[in-house]
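Next comes protein24.pdb, with PDB, C-alpha atoms.
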```
ATOM      1  CA  MET A   1     -19.782 -13.757  -2.982  1.00  0.00           C
ATOM      2  CA  ASP A   2     -16.587 -15.178  -1.533  1.00  0.00           C
ATOM      3  CA  MET A   3     -16.143 -12.934   1.475  1.00  0.00           C
ATOM      4  CA  LEU A   4     -13.822 -15.078   3.565  1.00  0.00           C
ATOM      5  CA  ALA A   5     -10.310 -16.406   3.243  1.00  0.00           C
ATOM      6  CA  VAL A   6      -9.972 -19.410   5.543  1.00  0.00           C
ATOM      7  CA  SER A   7      -6.697 -21.068   6.454  1.00  0.00           C
ATOM      8  CA  ARG A   8      -5.586 -23.425   9.182  1.00  0.00           C
ATOM      9  CA  GLU A   9      -2.546 -22.897  11.376  1.00  0.00           C
ATOM     10  CA  ARG A  10      -1.518 -25.170  14.237  1.00  0.00           C
ATOM     11  CA  GLY A  11      -5.058 -26.537  14.585  1.00  0.00           C
ATOM     12  CA  VAL A  12      -6.637 -23.081  14.585  1.00  0.00           C
ATOM     13  CA  ALA A  13      -8.906 -21.747  11.833  1.00  0.00           C
ATOM     14  CA  VAL A  14      -7.855 -18.303  10.648  1.00  0.00           C
ATOM     15  CA  VAL A  15     -10.843 -16.587   9.084  1.00  0.00           C
ATOM     16  CA  ALA A  16     -10.141 -13.332   7.252  1.00  0.00           C
ATOM     17  CA  PRO A  17     -13.016 -11.321   5.820  1.00  0.00           C
ATOM     18  CA  THR A  18     -11.945 -10.094   2.371  1.00  0.00           C
ATOM     19  CA  LEU A  19     -14.072  -6.971   2.762  1.00  0.00           C
ATOM     20  CA  ARG A  20     -13.198  -3.334   3.398  1.00  0.00           C
ATOM     21  CA  ARG A  21     -16.462  -2.773   5.234  1.00  0.00           C
ATOM     22  CA  LEU A  22     -18.246  -5.214   7.498  1.00  0.00           C
ATOM     23  CA  ASP A  23     -21.573  -3.411   7.727  1.00  0.00           C
ATOM     24  CA  ALA A  24     -25.307  -4.048   7.596  1.00  0.00           C
ATOM     25  CA  SER A  25     -25.179  -4.878   3.880  1.00  0.00           C
ATOM     26  CA  VAL A  26     -22.921  -7.914   4.404  1.00  0.00           C
ATOM     27  CA  ALA A  27     -23.150  -8.789   8.130  1.00  0.00           C
ATOM     28  CA  PRO A  28     -25.807 -11.567   7.811  1.00  0.00           C
ATOM     29  CA  ALA A  29     -23.895 -13.308   4.991  1.00  0.00           C
ATOM     30  CA  PHE A  30     -20.585 -12.910   6.875  1.00  0.00           C
ATOM     31  CA  LYS A  31     -22.103 -14.475   9.984  1.00  0.00           C
ATOM     32  CA  GLN A  32     -23.515 -17.406   8.007  1.00  0.00           C
ATOM     33  CA  ALA A  33     -20.202 -17.991   6.255  1.00  0.00           C
ATOM     34  CA  VAL A  34     -18.266 -18.134   9.555  1.00  0.00           C
ATOM     35  CA  VAL A  35     -20.942 -20.258  11.239  1.00  0.00           C
ATOM     36  CA  ARG A  36     -20.555 -22.742   8.349  1.00  0.00           C
ATOM     37  CA  VAL A  37     -16.826 -22.924   9.128  1.00  0.00           C
ATOM     38  CA  ILE A  38     -17.665 -23.647  12.778  1.00  0.00           C
ATOM     39  CA  GLU A  39     -20.267 -26.239  11.816  1.00  0.00           C
ATOM     40  CA  GLY A  40     -17.579 -27.830   9.675  1.00  0.00           C
ATOM     41  CA  GLY A  41     -15.816 -28.759  12.911  1.00  0.00           C
ATOM     42  CA  GLU A  42     -13.628 -25.782  13.808  1.00  0.00           C
ATOM     43  CA  SER A  43     -13.715 -24.882  17.484  1.00  0.00           C
ATOM     44  CA  ARG A  44     -10.826 -22.400  17.660  1.00  0.00           C
ATOM     45  CA  VAL A  45     -11.266 -19.421  15.375  1.00  0.00           C
ATOM     46  CA  VAL A  46      -9.086 -16.377  14.768  1.00  0.00           C
ATOM     47  CA  LEU A  47     -10.891 -13.494  13.088  1.00  0.00           C
ATOM     48  CA  ASP A  48      -8.214 -11.667  11.106  1.00  0.00           C
ATOM     49  CA  LEU A  49      -9.522  -8.153  10.413  1.00  0.00           C
ATOM     50  CA  ALA A  50      -6.449  -6.929   8.503  1.00  0.00           C
ATOM     51  CA  GLN A  51      -8.441  -6.036   5.391  1.00  0.00           C
ATOM     52  CA  VAL A  52     -11.396  -4.519   7.240  1.00  0.00           C
ATOM     53  CA  GLU A  53     -11.375  -0.727   7.575  1.00  0.00           C
ATOM     54  CA  PHE A  54     -14.852  -0.204   9.000  1.00  0.00           C
ATOM     55  CA  ILE A  55     -17.324  -2.203  11.075  1.00  0.00           C
ATOM     56  CA  ASP A  56     -20.756  -1.049  12.201  1.00  0.00           C
ATOM     57  CA  SER A  57     -22.952  -2.487  14.945  1.00  0.00           C
ATOM     58  CA  SER A  58     -24.367  -5.091  12.533  1.00  0.00           C
ATOM     59  CA  GLY A  59     -20.873  -6.396  11.831  1.00  0.00           C
ATOM     60  CA  LEU A  60     -20.090  -6.400  15.530  1.00  0.00           C
ATOM     61  CA  GLY A  61     -23.388  -8.220  16.188  1.00  0.00           C
ATOM     62  CA  ALA A  62     -22.358 -10.846  13.637  1.00  0.00           C
ATOM     63  CA  MET A  63     -19.134 -11.385  15.586  1.00  0.00           C
ATOM     64  CA  VAL A  64     -21.113 -11.796  18.818  1.00  0.00           C
ATOM     65  CA  SER A  65     -23.250 -14.390  17.013  1.00  0.00           C
ATOM     66  CA  ILE A  66     -20.054 -16.234  16.027  1.00  0.00           C
ATOM     67  CA  LEU A  67     -18.934 -16.196  19.658  1.00  0.00           C
ATOM     68  CA  LYS A  68     -22.295 -17.636  20.660  1.00  0.00           C
ATOM     69  CA  ALA A  69     -22.205 -20.241  17.882  1.00  0.00           C
ATOM     70  CA  LEU A  70     -18.963 -21.573  19.397  1.00  0.00           C
ATOM     71  CA  GLY A  71     -20.334 -21.280  22.918  1.00  0.00           C
ATOM     72  CA  ASN A  72     -18.337 -22.964  25.618  1.00  0.00           C
ATOM     73  CA  ARG A  73     -17.057 -25.566  23.150  1.00  0.00           C
ATOM     74  CA  GLY A  74     -14.557 -23.252  21.568  1.00  0.00           C
ATOM     75  CA  SER A  75     -12.788 -19.936  21.515  1.00  0.00           C
ATOM     76  CA  VAL A  76     -12.381 -16.864  19.344  1.00  0.00           C
ATOM     77  CA  ALA A  77      -9.605 -14.300  19.107  1.00  0.00           C
ATOM     78  CA  VAL A  78      -9.515 -11.144  17.000  1.00  0.00           C
ATOM     79  CA  CYS A  79      -6.337  -9.850  15.394  1.00  0.00           C
ATOM     80  CA  ASN A  80      -5.254  -6.922  13.224  1.00  0.00           C
ATOM     81  CA  ALA A  81      -8.112  -4.699  14.409  1.00  0.00           C
ATOM     82  CA  ARG A  82      -7.055  -1.099  13.884  1.00  0.00           C
ATOM     83  CA  GLY A  83      -8.400   2.413  13.382  1.00  0.00           C
ATOM     84  CA  ALA A  84     -12.186   2.704  13.404  1.00  0.00           C
ATOM     85  CA  VAL A  85     -12.514  -1.065  13.813  1.00  0.00           C
ATOM     86  CA  LEU A  86     -10.610  -1.057  17.101  1.00  0.00           C
ATOM     87  CA  SER A  87     -12.472   2.091  18.182  1.00  0.00           C
ATOM     88  CA  LEU A  88     -15.816   0.303  17.761  1.00  0.00           C
ATOM     89  CA  PHE A  89     -14.709  -2.532  20.066  1.00  0.00           C
ATOM     90  CA  GLN A  90     -13.565   0.030  22.637  1.00  0.00           C
ATOM     91  CA  LEU A  91     -16.605   2.312  22.299  1.00  0.00           C
ATOM     92  CA  THR A  92     -19.032  -0.553  22.889  1.00  0.00           C
ATOM     93  CA  ARG A  93     -16.777  -2.209  25.499  1.00  0.00           C
ATOM     94  CA  MET A  94     -16.722  -5.329  23.368  1.00  0.00           C
ATOM     95  CA  ASP A  95     -12.946  -5.229  23.867  1.00  0.00           C
ATOM     96  CA  LYS A  96     -13.759  -6.795  27.249  1.00  0.00           C
ATOM     97  CA  VAL A  97     -15.732  -9.584  25.574  1.00  0.00           C
ATOM     98  CA  PHE A  98     -13.401 -10.509  22.710  1.00  0.00           C
ATOM     99  CA  THR A  99      -9.774 -11.499  23.041  1.00  0.00           C
ATOM    100  CA  ILE A 100      -8.097  -8.865  20.867  1.00  0.00           C
ATOM    101  CA  VAL A 101      -4.421  -9.227  20.035  1.00  0.00           C
ATOM    102  CA  GLY A 102      -2.126  -7.400  17.650  1.00  0.00           C
ATOM    103  CA  SER A 103      -0.947 -10.057  15.246  1.00  0.00           C
ATOM    104  CA  CYS A 104      -2.371 -13.161  13.699  1.00  0.00           C
ATOM    105  CA  ASP A 105       0.596 -15.229  14.987  1.00  0.00           C
ATOM    106  CA  GLU A 106      -0.095 -14.112  18.528  1.00  0.00           C
ATOM    107  CA  ALA A 107      -3.802 -14.944  18.148  1.00  0.00           C
ATOM    108  CA  VAL A 108      -3.046 -18.412  16.803  1.00  0.00           C
ATOM    109  CA  ALA A 109      -0.518 -19.031  19.593  1.00  0.00           C
ATOM    110  CA  ARG A 110      -3.067 -17.915  22.177  1.00  0.00           C
ATOM    111  CA  LEU A 111      -5.773 -20.273  20.906  1.00  0.00           C
ATOM    112  CA  ALA A 112      -3.351 -23.148  20.285  1.00  0.00           C
ATOM    113  CA  GLY A 113      -2.398 -22.889  23.953  1.00  0.00           C
ATOM    114  CA  GLU A 114       1.264 -22.252  23.226  1.00  0.00           C
TER     115      GLU A 114
ATOM    116  CA  MET B   1     -25.486  16.315   1.436  1.00  0.00           C
ATOM    117  CA  THR B   2     -28.168  14.024   0.087  1.00  0.00           C
ATOM    118  CA  VAL B   3     -27.977  10.344   0.884  1.00  0.00           C
ATOM    119  CA  GLN B   4     -29.946   7.859  -1.197  1.00  0.00           C
ATOM    120  CA  PRO B   5     -31.811   5.341   0.971  1.00  0.00           C
ATOM    121  CA  THR B   6     -29.624   2.336   0.163  1.00  0.00           C
ATOM    122  CA  LEU B   7     -26.936   0.678   2.259  1.00  0.00           C
ATOM    123  CA  GLN B   8     -24.496   1.199  -0.609  1.00  0.00           C
ATOM    124  CA  ASP B   9     -25.056   4.945  -0.483  1.00  0.00           C
ATOM    125  CA  VAL B  10     -24.830   4.914   3.315  1.00  0.00           C
ATOM    126  CA  ALA B  11     -21.344   3.414   2.897  1.00  0.00           C
ATOM    127  CA  ARG B  12     -20.379   6.056   0.342  1.00  0.00           C
ATOM    128  CA  ALA B  13     -21.745   8.893   2.488  1.00  0.00           C
ATOM    129  CA  THR B  14     -20.087   7.612   5.658  1.00  0.00           C
ATOM    130  CA  GLU B  15     -16.701   7.573   3.947  1.00  0.00           C
ATOM    131  CA  ALA B  16     -17.262  11.041   2.489  1.00  0.00           C
ATOM    132  CA  LEU B  17     -18.260  12.382   5.917  1.00  0.00           C
ATOM    133  CA  ALA B  18     -15.232  10.800   7.589  1.00  0.00           C
ATOM    134  CA  ALA B  19     -13.041  12.916   5.317  1.00  0.00           C
ATOM    135  CA  LEU B  20     -14.831  16.061   6.513  1.00  0.00           C
ATOM    136  CA  LEU B  21     -14.317  15.414  10.218  1.00  0.00           C
ATOM    137  CA  PRO B  22     -12.312  18.165  11.890  1.00  0.00           C
ATOM    138  CA  ALA B  23      -8.668  17.237  12.413  1.00  0.00           C
ATOM    139  CA  ARG B  24      -8.769  18.854  15.870  1.00  0.00           C
ATOM    140  CA  LEU B  25     -11.148  16.111  17.045  1.00  0.00           C
ATOM    141  CA  PRO B  26      -9.130  13.295  18.687  1.00  0.00           C
ATOM    142  CA  VAL B  27      -8.843  10.188  16.517  1.00  0.00           C
ATOM    143  CA  ALA B  28     -10.999   7.935  18.718  1.00  0.00           C
ATOM    144  CA  GLU B  29     -13.748  10.574  18.739  1.00  0.00           C
ATOM    145  CA  ARG B  30     -13.544  10.946  14.971  1.00  0.00           C
ATOM    146  CA  HIS B  31     -14.032   7.219  14.649  1.00  0.00           C
ATOM    147  CA  ALA B  32     -16.954   7.297  17.095  1.00  0.00           C
ATOM    148  CA  VAL B  33     -18.690  10.060  15.107  1.00  0.00           C
ATOM    149  CA  GLN B  34     -18.093   8.212  11.843  1.00  0.00           C
ATOM    150  CA  ILE B  35     -19.539   4.986  13.265  1.00  0.00           C
ATOM    151  CA  ALA B  36     -22.492   6.829  14.823  1.00  0.00           C
ATOM    152  CA  LEU B  37     -23.404   8.522  11.537  1.00  0.00           C
ATOM    153  CA  ALA B  38     -23.283   5.154   9.783  1.00  0.00           C
ATOM    154  CA  GLU B  39     -25.646   3.799  12.472  1.00  0.00           C
ATOM    155  CA  VAL B  40     -28.075   6.712  12.027  1.00  0.00           C
ATOM    156  CA  LEU B  41     -28.226   6.355   8.247  1.00  0.00           C
ATOM    157  CA  THR B  42     -28.432   2.553   8.370  1.00  0.00           C
ATOM    158  CA  ASN B  43     -31.313   2.742  10.871  1.00  0.00           C
ATOM    159  CA  ILE B  44     -33.217   5.070   8.558  1.00  0.00           C
ATOM    160  CA  VAL B  45     -32.682   2.800   5.544  1.00  0.00           C
ATOM    161  CA  GLN B  46     -33.449  -0.455   7.367  1.00  0.00           C
ATOM    162  CA  HIS B  47     -36.166   0.617   9.822  1.00  0.00           C
ATOM    163  CA  GLY B  48     -37.347   4.110   8.897  1.00  0.00           C
ATOM    164  CA  TYR B  49     -38.291   3.221   5.359  1.00  0.00           C
ATOM    165  CA  ARG B  50     -39.493  -0.318   6.079  1.00  0.00           C
ATOM    166  CA  GLU B  51     -42.612  -0.907   3.964  1.00  0.00           C
ATOM    167  CA  LEU B  52     -42.515   2.696   2.751  1.00  0.00           C
ATOM    168  CA  ALA B  53     -41.436   4.187  -0.539  1.00  0.00           C
ATOM    169  CA  PRO B  54     -37.881   5.260   0.338  1.00  0.00           C
ATOM    170  CA  ALA B  55     -36.925   8.890  -0.096  1.00  0.00           C
ATOM    171  CA  ALA B  56     -33.587  10.628   0.057  1.00  0.00           C
ATOM    172  CA  ILE B  57     -32.079  11.531   3.429  1.00  0.00           C
ATOM    173  CA  GLU B  58     -30.899  15.114   3.916  1.00  0.00           C
ATOM    174  CA  LEU B  59     -27.799  15.765   5.949  1.00  0.00           C
ATOM    175  CA  VAL B  60     -26.534  19.210   6.887  1.00  0.00           C
ATOM    176  CA  TRP B  61     -23.049  19.571   8.274  1.00  0.00           C
ATOM    177  CA  GLN B  62     -21.840  22.695  10.054  1.00  0.00           C
ATOM    178  CA  GLU B  63     -18.468  23.058  11.704  1.00  0.00           C
ATOM    179  CA  GLY B  64     -18.403  25.967  14.127  1.00  0.00           C
ATOM    180  CA  GLU B  65     -15.692  27.230  16.424  1.00  0.00           C
ATOM    181  CA  SER B  66     -16.819  25.218  19.420  1.00  0.00           C
ATOM    182  CA  ALA B  67     -18.900  22.412  17.947  1.00  0.00           C
ATOM    183  CA  LEU B  68     -19.657  20.310  14.943  1.00  0.00           C
ATOM    184  CA  ALA B  69     -23.413  20.211  14.259  1.00  0.00           C
ATOM    185  CA  VAL B  70     -25.050  17.594  12.081  1.00  0.00           C
ATOM    186  CA  ASP B  71     -28.736  17.629  11.161  1.00  0.00           C
ATOM    187  CA  VAL B  72     -30.307  14.566   9.565  1.00  0.00           C
ATOM    188  CA  ARG B  73     -33.813  14.679   8.073  1.00  0.00           C
ATOM    189  CA  ASP B  74     -35.871  11.818   6.696  1.00  0.00           C
ATOM    190  CA  THR B  75     -39.526  11.067   6.035  1.00  0.00           C
ATOM    191  CA  GLY B  76     -39.640   7.446   7.184  1.00  0.00           C
ATOM    192  CA  HIS B  77     -41.081   5.883  10.299  1.00  0.00           C
ATOM    193  CA  ALA B  78     -39.882   7.731  13.388  1.00  0.00           C
ATOM    194  CA  ILE B  79     -37.672   6.094  15.992  1.00  0.00           C
ATOM    195  CA  PRO B  80     -40.198   4.637  18.485  1.00  0.00           C
ATOM    196  CA  ALA B  81     -40.797   6.943  21.439  1.00  0.00           C
ATOM    197  CA  GLY B  82     -38.647   6.100  24.425  1.00  0.00           C
ATOM    198  CA  ARG B  83     -36.121   3.997  22.541  1.00  0.00           C
ATOM    199  CA  LEU B  84     -33.667   6.843  22.135  1.00  0.00           C
ATOM    200  CA  ALA B  85     -34.111   7.949  25.754  1.00  0.00           C
ATOM    201  CA  ALA B  86     -33.510   4.402  26.987  1.00  0.00           C
ATOM    202  CA  ALA B  87     -30.259   3.995  25.057  1.00  0.00           C
ATOM    203  CA  GLY B  88     -27.016   5.087  26.683  1.00  0.00           C
ATOM    204  CA  GLU B  89     -23.663   3.930  27.914  1.00  0.00           C
ATOM    205  CA  ASP B  90     -25.421   1.490  30.275  1.00  0.00           C
ATOM    206  CA  THR B  91     -26.300  -0.462  27.150  1.00  0.00           C
ATOM    207  CA  PHE B  92     -22.626  -1.486  27.026  1.00  0.00           C
ATOM    208  CA  ALA B  93     -22.466  -2.743  30.599  1.00  0.00           C
ATOM    209  CA  PHE B  94     -22.346  -6.395  29.574  1.00  0.00           C
ATOM    210  CA  ASP B  95     -21.102  -9.251  31.639  1.00  0.00           C
ATOM    211  CA  PRO B  96     -18.360 -10.685  29.369  1.00  0.00           C
ATOM    212  CA  ASP B  97     -18.873 -14.104  30.967  1.00  0.00           C
ATOM    213  CA  ASP B  98     -22.602 -14.238  30.296  1.00  0.00           C
ATOM    214  CA  LEU B  99     -22.389 -15.287  26.665  1.00  0.00           C
ATOM    215  CA  ALA B 100     -26.126 -15.834  26.191  1.00  0.00           C
ATOM    216  CA  ALA B 101     -26.954 -12.301  27.327  1.00  0.00           C
ATOM    217  CA  LEU B 102     -24.543 -10.532  24.965  1.00  0.00           C
ATOM    218  CA  PRO B 103     -26.456  -8.388  22.468  1.00  0.00           C
ATOM    219  CA  GLU B 104     -26.313  -9.286  18.782  1.00  0.00           C
ATOM    220  CA  GLY B 105     -27.996  -6.037  17.768  1.00  0.00           C
ATOM    221  CA  GLY B 106     -29.655  -2.916  19.033  1.00  0.00           C
ATOM    222  CA  LEU B 107     -26.458  -1.022  19.826  1.00  0.00           C
ATOM    223  CA  GLY B 108     -26.850   1.733  17.228  1.00  0.00           C
ATOM    224  CA  LEU B 109     -28.683   4.294  19.359  1.00  0.00           C
ATOM    225  CA  ALA B 110     -26.347   3.769  22.305  1.00  0.00           C
ATOM    226  CA  ILE B 111     -23.374   4.320  19.986  1.00  0.00           C
ATOM    227  CA  LEU B 112     -25.032   7.514  18.767  1.00  0.00           C
ATOM    228  CA  LYS B 113     -25.555   8.848  22.279  1.00  0.00           C
ATOM    229  CA  THR B 114     -22.037   7.937  23.326  1.00  0.00           C
ATOM    230  CA  ALA B 115     -20.425   9.536  20.283  1.00  0.00           C
ATOM    231  CA  PHE B 116     -22.260  12.888  20.365  1.00  0.00           C
ATOM    232  CA  ASP B 117     -22.644  15.441  23.169  1.00  0.00           C
ATOM    233  CA  VAL B 118     -26.105  16.557  22.037  1.00  0.00           C
ATOM    234  CA  VAL B 119     -28.707  14.233  20.536  1.00  0.00           C
ATOM    235  CA  ASP B 120     -32.066  15.878  19.911  1.00  0.00           C
ATOM    236  CA  TYR B 121     -34.823  14.127  17.964  1.00  0.00           C
ATOM    237  CA  ARG B 122     -38.162  15.448  16.768  1.00  0.00           C
ATOM    238  CA  SER B 123     -40.761  14.034  14.467  1.00  0.00           C
ATOM    239  CA  GLU B 124     -43.280  16.521  13.100  1.00  0.00           C
ATOM    240  CA  GLY B 125     -45.580  16.486  10.095  1.00  0.00           C
ATOM    241  CA  GLY B 126     -44.046  13.301   8.720  1.00  0.00           C
ATOM    242  CA  THR B 127     -40.463  14.572   8.869  1.00  0.00           C
ATOM    243  CA  ASN B 128     -37.947  13.285  11.381  1.00  0.00           C
ATOM    244  CA  CYS B 129     -35.213  15.706  12.425  1.00  0.00           C
ATOM    245  CA  LEU B 130     -32.174  14.503  14.287  1.00  0.00           C
ATOM    246  CA  HIS B 131     -29.879  17.211  15.590  1.00  0.00           C
ATOM    247  CA  LEU B 132     -26.429  16.167  16.734  1.00  0.00           C
ATOM    248  CA  GLU B 133     -23.585  18.161  18.222  1.00  0.00           C
ATOM    249  CA  LYS B 134     -20.034  17.230  18.991  1.00  0.00           C
ATOM    250  CA  ARG B 135     -18.003  19.659  21.068  1.00  0.00           C
ATOM    251  CA  LEU B 136     -14.691  20.709  19.612  1.00  0.00           C
ATOM    252  CA  ALA B 137     -11.806  21.735  21.805  1.00  0.00           C
TER     253      ALA B 137
END
```

Rendering of file as structure tokens:
Amino acid sequence: MDMLAVSRERGVAVVAPTLRRLDASVAPAFKQAVVRVIEGGESRVVLDLAQVEFIDSSGLGAMVSILKALGNRGSVAVCNARGAVLSLFQLTRMDKVFTIVGSCDEAVARLAGE
Amino acid sequence: MTVQPTLQDVARATEALAALLPARLPVAERHAVQIALAEVLTNIVQHGYRELAPAAIELVWQEGESALAVDVRDTGHAIPAGRLAAAGEDTFAFDPDDLAALPEGGLGLAILKTAFDVVDYRSEGGTNCLHLEKRLA
């Protein structure tokens, strides 16, 4: 299943899950798909959650795995998190771990160092 | 409500339950309850019924004047003793700079205890009963 739309803007990979729900049924495959993008040489990754309406702890865990896969070699920013998705980051205090910004442009600018 | 023990039905049930959440509950708390119920049902499907013949999950929803009560019953493996007691808001006290120590799982019970005001769990005669309450203003 093609669950990601990947584009490249100003040297930053913009990875957008094309899923309404990022939950336990898809989290392992989502993680693997993004890790493949990272292994393909991307070190700056924006996770664009515009299409995602719901994330559970498995989906959040997958995002932590992505952060770890990049390690100190790279950086991640999250954009377009809203509603229950944003609430999950806040509830679990993962909003202190991830760089969360409103728009994709802002996230790309942040990671591109502009 | 009856929930079939599949992740697909957990998704369906979670969305149906979200629509039933009282409007007087603040939005962030509605989201927290919705996420917590998804965690409960997912745990039952993934862990409770591991290596067992899965059976339907019963969910009873009661909105009172001062609280929303949710009872969840299943016949799978019980949550291991102590795990629920150990989970709490401390679970989320990560050091954002300690990447290696960040948890990639195991947050479900802490989410549950953060989202609800009352979390009571009993396992008797092969049936697990989870009683949850959320205070309503």

Within 9 Å of chain B: residues of chain A, using all atoms listed in the file, as a PyMOL selection string = chain A and resi 21+23-25+54-58+60-65+67-68+71-72+83-85+87-88+91-94+96-98

Those residues with C-alpha atoms, as a PDB file, keeping the file's coordinate frame please?
```
ATOM      1  CA  ARG A  21     -16.462  -2.773   5.234  1.00  0.00           C
ATOM      2  CA  ASP A  23     -21.573  -3.411   7.727  1.00  0.00           C
ATOM      3  CA  ALA A  24     -25.307  -4.048   7.596  1.00  0.00           C
ATOM      4  CA  SER A  25     -25.179  -4.878   3.880  1.00  0.00           C
ATOM      5  CA  PHE A  54     -14.852  -0.204   9.000  1.00  0.00           C
ATOM      6  CA  ILE A  55     -17.324  -2.203  11.075  1.00  0.00           C
ATOM      7  CA  ASP A  56     -20.756  -1.049  12.201  1.00  0.00           C
ATOM      8  CA  SER A  57     -22.952  -2.487  14.945  1.00  0.00           C
ATOM      9  CA  SER A  58     -24.367  -5.091  12.533  1.00  0.00           C
ATOM     10  CA  LEU A  60     -20.090  -6.400  15.530  1.00  0.00           C
ATOM     11  CA  GLY A  61     -23.388  -8.220  16.188  1.00  0.00           C
ATOM     12  CA  ALA A  62     -22.358 -10.846  13.637  1.00  0.00           C
ATOM     13  CA  MET A  63     -19.134 -11.385  15.586  1.00  0.00           C
ATOM     14  CA  VAL A  64     -21.113 -11.796  18.818  1.00  0.00           C
ATOM     15  CA  SER A  65     -23.250 -14.390  17.013  1.00  0.00           C
ATOM     16  CA  LEU A  67     -18.934 -16.196  19.658  1.00  0.00           C
ATOM     17  CA  LYS A  68     -22.295 -17.636  20.660  1.00  0.00           C
ATOM     18  CA  GLY A  71     -20.334 -21.280  22.918  1.00  0.00           C
ATOM     19  CA  ASN A  72     -18.337 -22.964  25.618  1.00  0.00           C
ATOM     20  CA  GLY A  83      -8.400   2.413  13.382  1.00  0.00           C
ATOM     21  CA  ALA A  84     -12.186   2.704  13.404  1.00  0.00           C
ATOM     22  CA  VAL A  85     -12.514  -1.065  13.813  1.00  0.00           C
ATOM     23  CA  SER A  87     -12.472   2.091  18.182  1.00  0.00           C
ATOM     24  CA  LEU A  88     -15.816   0.303  17.761  1.00  0.00           C
ATOM     25  CA  LEU A  91     -16.605   2.312  22.299  1.00  0.00           C
ATOM     26  CA  THR A  92     -19.032  -0.553  22.889  1.00  0.00           C
ATOM     27  CA  ARG A  93     -16.777  -2.209  25.499  1.00  0.00           C
ATOM     28  CA  MET A  94     -16.722  -5.329  23.368  1.00  0.00           C
ATOM     29  CA  LYS A  96     -13.759  -6.795  27.249  1.00  0.00           C
ATOM     30  CA  VAL A  97     -15.732  -9.584  25.574  1.00  0.00           C
ATOM     31  CA  PHE A  98     -13.401 -10.509  22.710  1.00  0.00           C
TER      32      PHE A  98
END
```

For Glu58 (chain B), list every protein, DNA or RNA residue within 6 Å, evaluated using all atoms listed in the file, and leave out those in the same chain fewer than 5 positions away; present the list as a PDB file with C-alpha atoms, in the coordinates of the input.
```pdb
ATOM      1  CA  THR B   2     -28.168  14.024   0.087  1.00  0.00           C
ATOM      2  CA  VAL B  72     -30.307  14.566   9.565  1.00  0.00           C
ATOM      3  CA  ARG B  73     -33.813  14.679   8.073  1.00  0.00           C
TER       4      ARG B  73
END
```

Worksheet item: the PyMOL selection byres ((chain A and resi 99) around 9) on the file shown: which residues, as a ChimeraX atom specification?
Response: /A:76-79,95-98,100-101,107

Evaluating the PyMOL selection byres ((chain A and resi 16) around 6) on the displayed file yields which residues, as a ChimeraX atom specification?
/A:4-5,15,17,47-48

Taking the file as shown, find all residues satisfying the PyMOL selection byres ((chain B and resi 134) around 7) and write them as a PDB file with C-alpha atoms, in the frame of the given file.
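Just written: result-v2.pdb:
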```pdb
ATOM      1  CA  ALA B  67     -18.900  22.412  17.947  1.00  0.00           C
ATOM      2  CA  LEU B  68     -19.657  20.310  14.943  1.00  0.00           C
ATOM      3  CA  ALA B  69     -23.413  20.211  14.259  1.00  0.00           C
ATOM      4  CA  PHE B 116     -22.260  12.888  20.365  1.00  0.00           C
ATOM      5  CA  ASP B 117     -22.644  15.441  23.169  1.00  0.00           C
ATOM      6  CA  VAL B 118     -26.105  16.557  22.037  1.00  0.00           C
ATOM      7  CA  LEU B 132     -26.429  16.167  16.734  1.00  0.00           C
ATOM      8  CA  GLU B 133     -23.585  18.161  18.222  1.00  0.00           C
ATOM      9  CA  ARG B 135     -18.003  19.659  21.068  1.00  0.00           C
ATOM     10  CA  LEU B 136     -14.691  20.709  19.612  1.00  0.00           C
TER      11      LEU B 136
END
```

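CA of Ala87 (chain B) lies 27.7 Å from CA of Ala19 (chain B).
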
Put the listed atoms of region 32-38 of chain A in a box along x, y and z with 4 Å added on every side and give me the centre and edge lengths in Å to one decimal, as lines of an AutoDock Vina configuration file.
```
center_x = -20.2
center_y = -20.5
center_z = 9.5
size_x = 14.7
size_y = 14.2
size_z = 14.5
```

* To do: Identify the residues within 10 Å of coordinate (-10.3, -22.5, 20.1) (same frame as the file), considering all atoms listed in the file, and give the answer as a ChimeraX atom specification.
  => /A:11-13,42-46,70,72-77,108,110-113

What separates CA of Asn80 (chain A) and CA of Lys31 (chain A) is a distance of 18.7 Å

Using only C-alpha atoms, which of A:Leu86, A:Ile66, A:Asp105, A:Val26 sits nearest Arg8 (chain A)?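 Ranking A:Leu86, A:Ile66, A:Asp105, A:Val26 by distance to Arg8 (chain A), first place goes to A:Asp105.
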
Between CA of Leu130 (chain B) and CA of Val70 (chain B) lies a distance of 8.1 Å

- Query: So, counting all atoms listed in the file, which residue among B:Pro5, B:Gly125, B:Gly48, B:Pro26 is closest to His77 (chain B)?
  - Reply: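 Among the listed residues, the smallest separation from His77 (chain B) belongs to B:Gly48.
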
Output as a PDB file, in the frame of the given file: region 49-53 of chain A, completed with N, CA and C atoms.
```pdb
ATOM      1  N   LEU A  49      -8.829  -9.310  10.985  1.00  0.00           N
ATOM      2  CA  LEU A  49      -9.522  -8.153  10.413  1.00  0.00           C
ATOM      3  C   LEU A  49      -8.580  -7.216   9.639  1.00  0.00           C
ATOM      4  N   ALA A  50      -7.470  -7.762   9.171  1.00  0.00           N
ATOM      5  CA  ALA A  50      -6.449  -6.929   8.503  1.00  0.00           C
ATOM      6  C   ALA A  50      -7.011  -6.133   7.325  1.00  0.00           C
ATOM      7  N   GLN A  51      -7.947  -6.734   6.600  1.00  0.00           N
ATOM      8  CA  GLN A  51      -8.441  -6.036   5.391  1.00  0.00           C
ATOM      9  C   GLN A  51      -9.641  -5.148   5.679  1.00  0.00           C
ATOM     10  N   VAL A  52     -10.153  -5.223   6.921  1.00  0.00           N
ATOM     11  CA  VAL A  52     -11.396  -4.519   7.240  1.00  0.00           C
ATOM     12  C   VAL A  52     -11.078  -3.122   7.788  1.00  0.00           C
ATOM     13  N   GLU A  53     -11.632  -2.112   7.153  1.00  0.00           N
ATOM     14  CA  GLU A  53     -11.375  -0.727   7.575  1.00  0.00           C
ATOM     15  C   GLU A  53     -12.518  -0.161   8.409  1.00  0.00           C
TER      16      GLU A  53
END
```
